[in-house]
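See structure below.
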Amino acid sequence: MNYTNSGNKDTRSGFGAGLLEAAQRNPKIVALCADLTGSVKMDAFAQTFPDRFFQCGIAEANMVGVAAGLSIAGMVPFAGTFAGFATGRVYDQIRQSIAYSNTNVKIAASHAGLTLGEDGATHQIMEDIGLMRMLPNMTVINPCDYNQTVRATIAAALHKGPVYLRFGRPAVPNFTPPDQPFEIGKALLLRQGSDVSIFATGHLVWEALLAAEELAKSGVEAEVINIHTIKPLDTDAILASALKTQAVITAEEHLIAGGMGEAIAALLAHKFPVRQEFIAVNDRFGQSGKPNELLKAYGLDAKHIFEAAKRLYSQK
């Protein structure tokens with residue numbers, strides 16, 4: 001494997017580190033939080049820049065409105081809370097005050113997907129990518145590890161316009177180089193292959209690499225591409241890989257409905273229809289459990305990616 005795990009770290013801490021670094025470069029960056037400062041790792045920012053930090057309390061709709069106002073005043077606001085509260089609870093405010101108004105607000109959404117774990121279905125959210133990518137003007141970013149989340153946060157701060165930045169709670173393999181360039185809308189080829197394309201995002205990128213390693217042992221060469229930006233999609237990279245392998249797997253910690261897989265399926269339907277397998281959650285809510293156990297129970301781990309690739313390869 002070209003990428004090795006340098007130690008497990010949570011991506012929310014990558015956000016905290018990236019936010020602090022971006023703020024040290026740009027005095028216009030401010031942060032808002034809905035009573036979850038430690039959980040979303042905004043505490044270092046709050047301690048370093050107390051005059052630029054706004055604790056909004058458990059009032060997410062108000063936080064979004066304040067963030068939009070600060071943006072209109074020329075600031076670059078990051079509004080942080082759990083992904084479930086950052087999207088479903090305040091969708092009207094995001095639609096009207098951020099997306100429609102095209103304000104320069106960054107929605108920092110922690111504890112996304114199933115791997116929030118023991119807090120269960122009421123706090124887990126697996127439809128947030130769909131909600132956000134449907135909004136005009138919204139950029140949707142879902143980095144894969146700590147290092148990439150640092151760089152994604154800095155890139156979001158530099159981007160002009162609304163951004164939905166998704167990250168998680170559990171410690172996961174940290175395998176991308178700390179100096180690897182991050183460009184919004186440009187996918188990253190992690191492993192070359194000619195038999196099947198695996199397009200993965202977020203926590204499932206590492207699972208895709210593990211699956212590809214096992215596939216190689218059985219004579220199947222899988223190409224692994226990190227789709228860290230779900231909107232805008234890197235259509236050129238996706239089509240180039242699909243044309244080469246003519247077999248596609250999409251892997252994400254999200255519902256099939258509205259997710260990265262459906263976005264790629266729509267692209268392929270228009271440009272180059274091929275067989276596709278979806279590694280995602282099919283019309284179910286989450287449940288309480290350990291993150292790794294939940295990934296296995298919902299079919300989101302390397303084993304299920306491996307099996308999907310073998311099925312596709314046998315049909316070619």
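Ordered as shown in the structure tokens, chains take letters A, B, and onward, while each chain numbers its residues from 1 and ligands are numbered from 1 in the order shown.
Once Val274 of chain A and its same-chain neighbours fewer than 3 positions away are set aside, Ala242, Leu243, Gln246, Ala247, Val248, Ala265, Leu268 and Ala269 of chain A remain within 9 Å of it when counting only C-alpha atoms.
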Determine, counting only C-alpha atoms, which protein, DNA and RNA residues have an atom within 9 Å of an atom of Gln180 of chain A; residues of the same chain fewer than 4 positions away are not included. Present the result as a short mmCIF file (atom, residue, chain, number, x, y, z; two decimals) with N, CA, C and O atoms, in the first residue's frame.
data_model
loop_
_atom_site.label_atom_id
_atom_site.label_comp_id
_atom_site.auth_asym_id
_atom_site.auth_seq_id
_atom_site.Cartn_x
_atom_site.Cartn_y
_atom_site.Cartn_z
N ASN A 147 -5.02 14.89 8.77
CA ASN A 147 -4.20 15.78 7.96
C ASN A 147 -5.01 16.46 6.87
O ASN A 147 -4.86 17.67 6.63
N GLN A 148 -5.85 15.70 6.20
CA GLN A 148 -6.63 16.29 5.12
C GLN A 148 -7.67 17.27 5.65
O GLN A 148 -7.98 18.27 4.99
N ARG A 151 -6.06 20.66 6.08
CA ARG A 151 -5.88 21.37 4.81
C ARG A 151 -7.23 21.78 4.21
O ARG A 151 -7.34 22.85 3.60
N THR A 176 -2.77 10.43 5.06
CA THR A 176 -2.35 11.32 3.98
C THR A 176 -1.19 12.19 4.45
O THR A 176 -1.12 12.56 5.63
#
Legend entry - Shell of 8 Å around Pro162 of chain A, only C-alpha atoms, local chain residues under 4 positions omitted, as a PyMOL selection string: chain A and resi 98-99+102-107+137-139
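Going from atom CA of Leu188 of chain A over to atom CA of Lys271 of chain A, you cover 20.8 Å.
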Inset, instruction - Pick out the residues sitting within 6 Å of Cys56 of chain A, and hand them over as a count of residues only; count only C-alpha atoms, and ignore anything fewer than 4 positions along from it in its own chain. - result: 3
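All residues in segment 55-186 of chain A with a DSSP state of strand (DSSP E), computed from the backbone, read Gln55, Val76, Pro77, Phe78, Ala79, Gly80, Thr81, Phe82, Lys106, Ile107, Ala108, Ala109, Ser110, Thr139, Val140, Ile141, Val163, Tyr164, Leu165, Arg166, Ala171, Val172 and Pro173 of chain A.
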Within 8 Å of segment 18-22 of chain A, which residues of segment 35-140 of chain A show up? Give each one with its shortest atom-to-atom distance in Å (one decimal) and the two atoms involved, counting only C-alpha atoms, rows by chain then rising residue number, as JSON lines.
{"residue": "A:Met42", "atom": "CA", "partner": "A:Leu19", "partner_atom": "CA", "distance": 7.9}
{"residue": "A:Ala44", "atom": "CA", "partner": "A:Leu20", "partner_atom": "CA", "distance": 7.1}
{"residue": "A:Phe45", "atom": "CA", "partner": "A:Leu20", "partner_atom": "CA", "distance": 5.5}
Could you write those residues out with C-alpha atoms, as a PDB file, in the first residue's frame?
ATOM      1  CA  MET A  42     -13.068  25.200  18.714  1.00  0.00           C
ATOM      2  CA  ALA A  44      -8.065  26.473  21.044  1.00  0.00           C
ATOM      3  CA  PHE A  45      -9.509  29.152  18.764  1.00  0.00           C
TER       4      PHE A  45
END
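Close contacts of Asp301 of chain A, defined as residues with an atom at most 8 Å away when counting only C-alpha atoms, with chain neighbours fewer than 5 positions off set aside, comprise Leu204, Glu207, Leu295 and Lys296 of chain A.
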Written selection (C-alpha atoms) as a PDB file, in the first residue's frame:
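Full text of again12.pdb as output:
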ATOM      1  CA  LEU A 204     -14.337   5.115   3.940  1.00  0.00           C
ATOM      2  CA  GLU A 207     -11.455   1.205   4.056  1.00  0.00           C
ATOM      3  CA  LEU A 295     -19.514   0.240   9.928  1.00  0.00           C
ATOM      4  CA  LYS A 296     -19.550  -3.556   9.742  1.00  0.00           C
TER       5      LYS A 296
END
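Counting only C-alpha atoms, the residue from A:Ile256, A:Ile264, A:Ile141, A:Ala156 that sits nearest to Ile198 of chain A is A:Ile264.
The residues of segment 223-256 of chain A that DSSP classifies as alpha helix (DSSP H), using the backbone of this structure, are Thr235, Asp236, Ala237, Ile238, Leu239, Ala240, Ser241, Ala242, Leu243, Lys244 and Thr245 of chain A.
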Write the selection just made, keeping all heavy atoms, as a JSON list (two decimals), in the first residue's frame?
[["chain", "number", "residue", "atom", "x", "y", "z"],
["A", 235, "THR", "N", -15.42, 15.86, -12.27],
["A", 235, "THR", "CA", -16.01, 15.02, -13.31],
["A", 235, "THR", "C", -14.94, 14.42, -14.23],
["A", 235, "THR", "O", -15.08, 13.28, -14.68],
["A", 235, "THR", "CB", -17.03, 15.81, -14.14],
["A", 235, "THR", "OG1", -16.39, 16.97, -14.69],
["A", 235, "THR", "CG2", -18.19, 16.28, -13.27],
["A", 236, "ASP", "N", -13.89, 15.16, -14.50],
["A", 236, "ASP", "CA", -12.83, 14.65, -15.38],
["A", 236, "ASP", "C", -12.16, 13.42, -14.77],
["A", 236, "ASP", "O", -11.94, 12.41, -15.46],
["A", 236, "ASP", "CB", -11.79, 15.73, -15.65],
["A", 236, "ASP", "CG", -12.32, 16.86, -16.53],
["A", 236, "ASP", "OD1", -13.35, 16.64, -17.20],
["A", 236, "ASP", "OD2", -11.71, 17.94, -16.53],
["A", 237, "ALA", "N", -11.83, 13.48, -13.49],
["A", 237, "ALA", "CA", -11.16, 12.36, -12.83],
["A", 237, "ALA", "C", -12.08, 11.14, -12.76],
["A", 237, "ALA", "O", -11.64, 10.00, -12.98],
["A", 237, "ALA", "CB", -10.71, 12.76, -11.43],
["A", 238, "ILE", "N", -13.34, 11.37, -12.47],
["A", 238, "ILE", "CA", -14.29, 10.26, -12.36],
["A", 238, "ILE", "C", -14.49, 9.58, -13.71],
["A", 238, "ILE", "O", -14.43, 8.35, -13.83],
["A", 238, "ILE", "CB", -15.63, 10.77, -11.81],
["A", 238, "ILE", "CG1", -15.46, 11.21, -10.35],
["A", 238, "ILE", "CG2", -16.72, 9.70, -11.92],
["A", 238, "ILE", "CD1", -16.62, 12.01, -9.80],
["A", 239, "LEU", "N", -14.70, 10.37, -14.75],
["A", 239, "LEU", "CA", -14.93, 9.80, -16.07],
["A", 239, "LEU", "C", -13.69, 9.09, -16.61],
["A", 239, "LEU", "O", -13.79, 8.03, -17.23],
["A", 239, "LEU", "CB", -15.38, 10.89, -17.04],
["A", 239, "LEU", "CG", -16.80, 11.42, -16.81],
["A", 239, "LEU", "CD1", -17.07, 12.63, -17.70],
["A", 239, "LEU", "CD2", -17.84, 10.34, -17.07],
["A", 240, "ALA", "N", -12.52, 9.65, -16.36],
["A", 240, "ALA", "CA", -11.28, 9.02, -16.85],
["A", 240, "ALA", "C", -11.10, 7.64, -16.23],
["A", 240, "ALA", "O", -10.74, 6.68, -16.91],
["A", 240, "ALA", "CB", -10.09, 9.91, -16.53],
["A", 241, "SER", "N", -11.37, 7.53, -14.94],
["A", 241, "SER", "CA", -11.23, 6.24, -14.27],
["A", 241, "SER", "C", -12.30, 5.26, -14.73],
["A", 241, "SER", "O", -12.03, 4.08, -14.98],
["A", 241, "SER", "CB", -11.29, 6.44, -12.75],
["A", 241, "SER", "OG", -11.06, 5.23, -12.08],
["A", 242, "ALA", "N", -13.55, 5.72, -14.83],
["A", 242, "ALA", "CA", -14.64, 4.85, -15.25],
["A", 242, "ALA", "C", -14.43, 4.34, -16.68],
["A", 242, "ALA", "O", -14.72, 3.17, -16.98],
["A", 242, "ALA", "CB", -15.97, 5.59, -15.14],
["A", 243, "LEU", "N", -13.92, 5.19, -17.55],
["A", 243, "LEU", "CA", -13.64, 4.76, -18.92],
["A", 243, "LEU", "C", -12.58, 3.68, -18.96],
["A", 243, "LEU", "O", -12.62, 2.77, -19.79],
["A", 243, "LEU", "CB", -13.19, 5.97, -19.75],
["A", 243, "LEU", "CG", -14.29, 6.95, -20.19],
["A", 243, "LEU", "CD1", -13.69, 8.28, -20.66],
["A", 243, "LEU", "CD2", -15.13, 6.34, -21.30],
["A", 244, "LYS", "N", -11.62, 3.76, -18.05],
["A", 244, "LYS", "CA", -10.53, 2.79, -18.02],
["A", 244, "LYS", "C", -10.99, 1.45, -17.46],
["A", 244, "LYS", "O", -10.70, 0.39, -18.03],
["A", 244, "LYS", "CB", -9.37, 3.35, -17.17],
["A", 244, "LYS", "CG", -8.21, 2.38, -17.02],
["A", 244, "LYS", "CD", -6.98, 3.04, -16.43],
["A", 244, "LYS", "CE", -7.21, 3.59, -15.05],
["A", 244, "LYS", "NZ", -5.95, 4.07, -14.42],
["A", 245, "THR", "N", -11.73, 1.46, -16.35],
["A", 245, "THR", "CA", -12.07, 0.20, -15.66],
["A", 245, "THR", "C", -13.43, -0.35, -16.06],
["A", 245, "THR", "O", -13.67, -1.55, -15.98],
["A", 245, "THR", "CB", -12.05, 0.40, -14.14],
["A", 245, "THR", "OG1", -13.12, 1.28, -13.77],
["A", 245, "THR", "CG2", -10.72, 0.97, -13.67]]
Inset, instruction - Using only C-alpha atoms, determine which residues lie at most 9 Å from Glu213 of chain A, disregarding the query and same-chain residues fewer than 4 positions distant; provide the list as a VMD selection string. - result: chain A and resid 1 208 to 209 217 221 to 222
Could you dump the residues just selected with C-alpha atoms as an mmCIF file, in the first residue's frame?
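The resulting file, out.cif, is reproduced below:
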data_model
loop_
_atom_site.group_PDB
_atom_site.id
_atom_site.type_symbol
_atom_site.label_atom_id
_atom_site.label_comp_id
_atom_site.auth_asym_id
_atom_site.auth_seq_id
_atom_site.Cartn_x
_atom_site.Cartn_y
_atom_site.Cartn_z
ATOM 1 C CA MET A 1 0.000 0.000 0.000
ATOM 2 C CA ALA A 208 -11.222 1.446 0.258
ATOM 3 C CA LEU A 209 -7.421 1.287 0.412
ATOM 4 C CA LYS A 217 -3.811 -10.401 -3.671
ATOM 5 C CA GLU A 221 -6.324 -4.238 -9.511
ATOM 6 C CA ALA A 222 -8.541 -1.563 -7.998
#
Inset, instruction - Can you work out which one of A:Val172, A:Ala31, A:Val40, A:Ala68 has the shortest atom-to-atom distance to Gln55 of chain A, counting only C-alpha atoms? - result: A:Ala31
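Atom CA of Glu262 of chain A is found 18.4 Å from atom CA of Pro143 of chain A.
Taking only C-alpha atoms, the non-local environment of Ile249 of chain A within 6 Å (same-chain residues fewer than 6 positions away omitted) comprises Ile198, Gln276, Glu277 and Phe278 of chain A.
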Let me see the file: selected residues, all heavy atoms, as a PDB file, in the first residue's frame.
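See result_9.pdb below for the written result:
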ATOM      1  N   ILE A 198     -12.779   2.531  -7.404  1.00  0.00           N
ATOM      2  CA  ILE A 198     -13.421   2.748  -6.116  1.00  0.00           C
ATOM      3  C   ILE A 198     -13.335   4.232  -5.792  1.00  0.00           C
ATOM      4  O   ILE A 198     -12.252   4.766  -5.559  1.00  0.00           O
ATOM      5  CB  ILE A 198     -12.774   1.925  -4.991  1.00  0.00           C
ATOM      6  CG1 ILE A 198     -12.732   0.442  -5.353  1.00  0.00           C
ATOM      7  CG2 ILE A 198     -13.524   2.141  -3.679  1.00  0.00           C
ATOM      8  CD1 ILE A 198     -11.995  -0.419  -4.340  1.00  0.00           C
ATOM      9  N   GLN A 276     -22.385  -0.179 -11.518  1.00  0.00           N
ATOM     10  CA  GLN A 276     -21.999   0.527 -10.293  1.00  0.00           C
ATOM     11  C   GLN A 276     -22.575  -0.189  -9.082  1.00  0.00           C
ATOM     12  O   GLN A 276     -23.728  -0.618  -9.078  1.00  0.00           O
ATOM     13  CB  GLN A 276     -22.494   1.979 -10.315  1.00  0.00           C
ATOM     14  CG  GLN A 276     -22.136   2.776  -9.063  1.00  0.00           C
ATOM     15  CD  GLN A 276     -22.538   4.234  -9.162  1.00  0.00           C
ATOM     16  OE1 GLN A 276     -22.846   4.730 -10.247  1.00  0.00           O
ATOM     17  NE2 GLN A 276     -22.541   4.932  -8.043  1.00  0.00           N
ATOM     18  N   GLU A 277     -21.763  -0.307  -8.050  1.00  0.00           N
ATOM     19  CA  GLU A 277     -22.201  -0.826  -6.753  1.00  0.00           C
ATOM     20  C   GLU A 277     -22.095   0.308  -5.735  1.00  0.00           C
ATOM     21  O   GLU A 277     -21.123   1.073  -5.729  1.00  0.00           O
ATOM     22  CB  GLU A 277     -21.325  -1.999  -6.316  1.00  0.00           C
ATOM     23  CG  GLU A 277     -21.515  -3.256  -7.140  1.00  0.00           C
ATOM     24  CD  GLU A 277     -22.281  -4.341  -6.375  1.00  0.00           C
ATOM     25  OE1 GLU A 277     -22.686  -4.102  -5.219  1.00  0.00           O
ATOM     26  OE2 GLU A 277     -22.466  -5.425  -6.966  1.00  0.00           O
ATOM     27  N   PHE A 278     -23.093   0.402  -4.839  1.00  0.00           N
ATOM     28  CA  PHE A 278     -23.140   1.453  -3.828  1.00  0.00           C
ATOM     29  C   PHE A 278     -22.795   0.868  -2.459  1.00  0.00           C
ATOM     30  O   PHE A 278     -23.524   0.001  -1.953  1.00  0.00           O
ATOM     31  CB  PHE A 278     -24.533   2.073  -3.758  1.00  0.00           C
ATOM     32  CG  PHE A 278     -24.962   2.803  -4.995  1.00  0.00           C
ATOM     33  CD1 PHE A 278     -25.462   2.120  -6.089  1.00  0.00           C
ATOM     34  CD2 PHE A 278     -24.869   4.189  -5.069  1.00  0.00           C
ATOM     35  CE1 PHE A 278     -25.867   2.785  -7.233  1.00  0.00           C
ATOM     36  CE2 PHE A 278     -25.265   4.869  -6.209  1.00  0.00           C
ATOM     37  CZ  PHE A 278     -25.756   4.173  -7.295  1.00  0.00           C
TER      38      PHE A 278
END
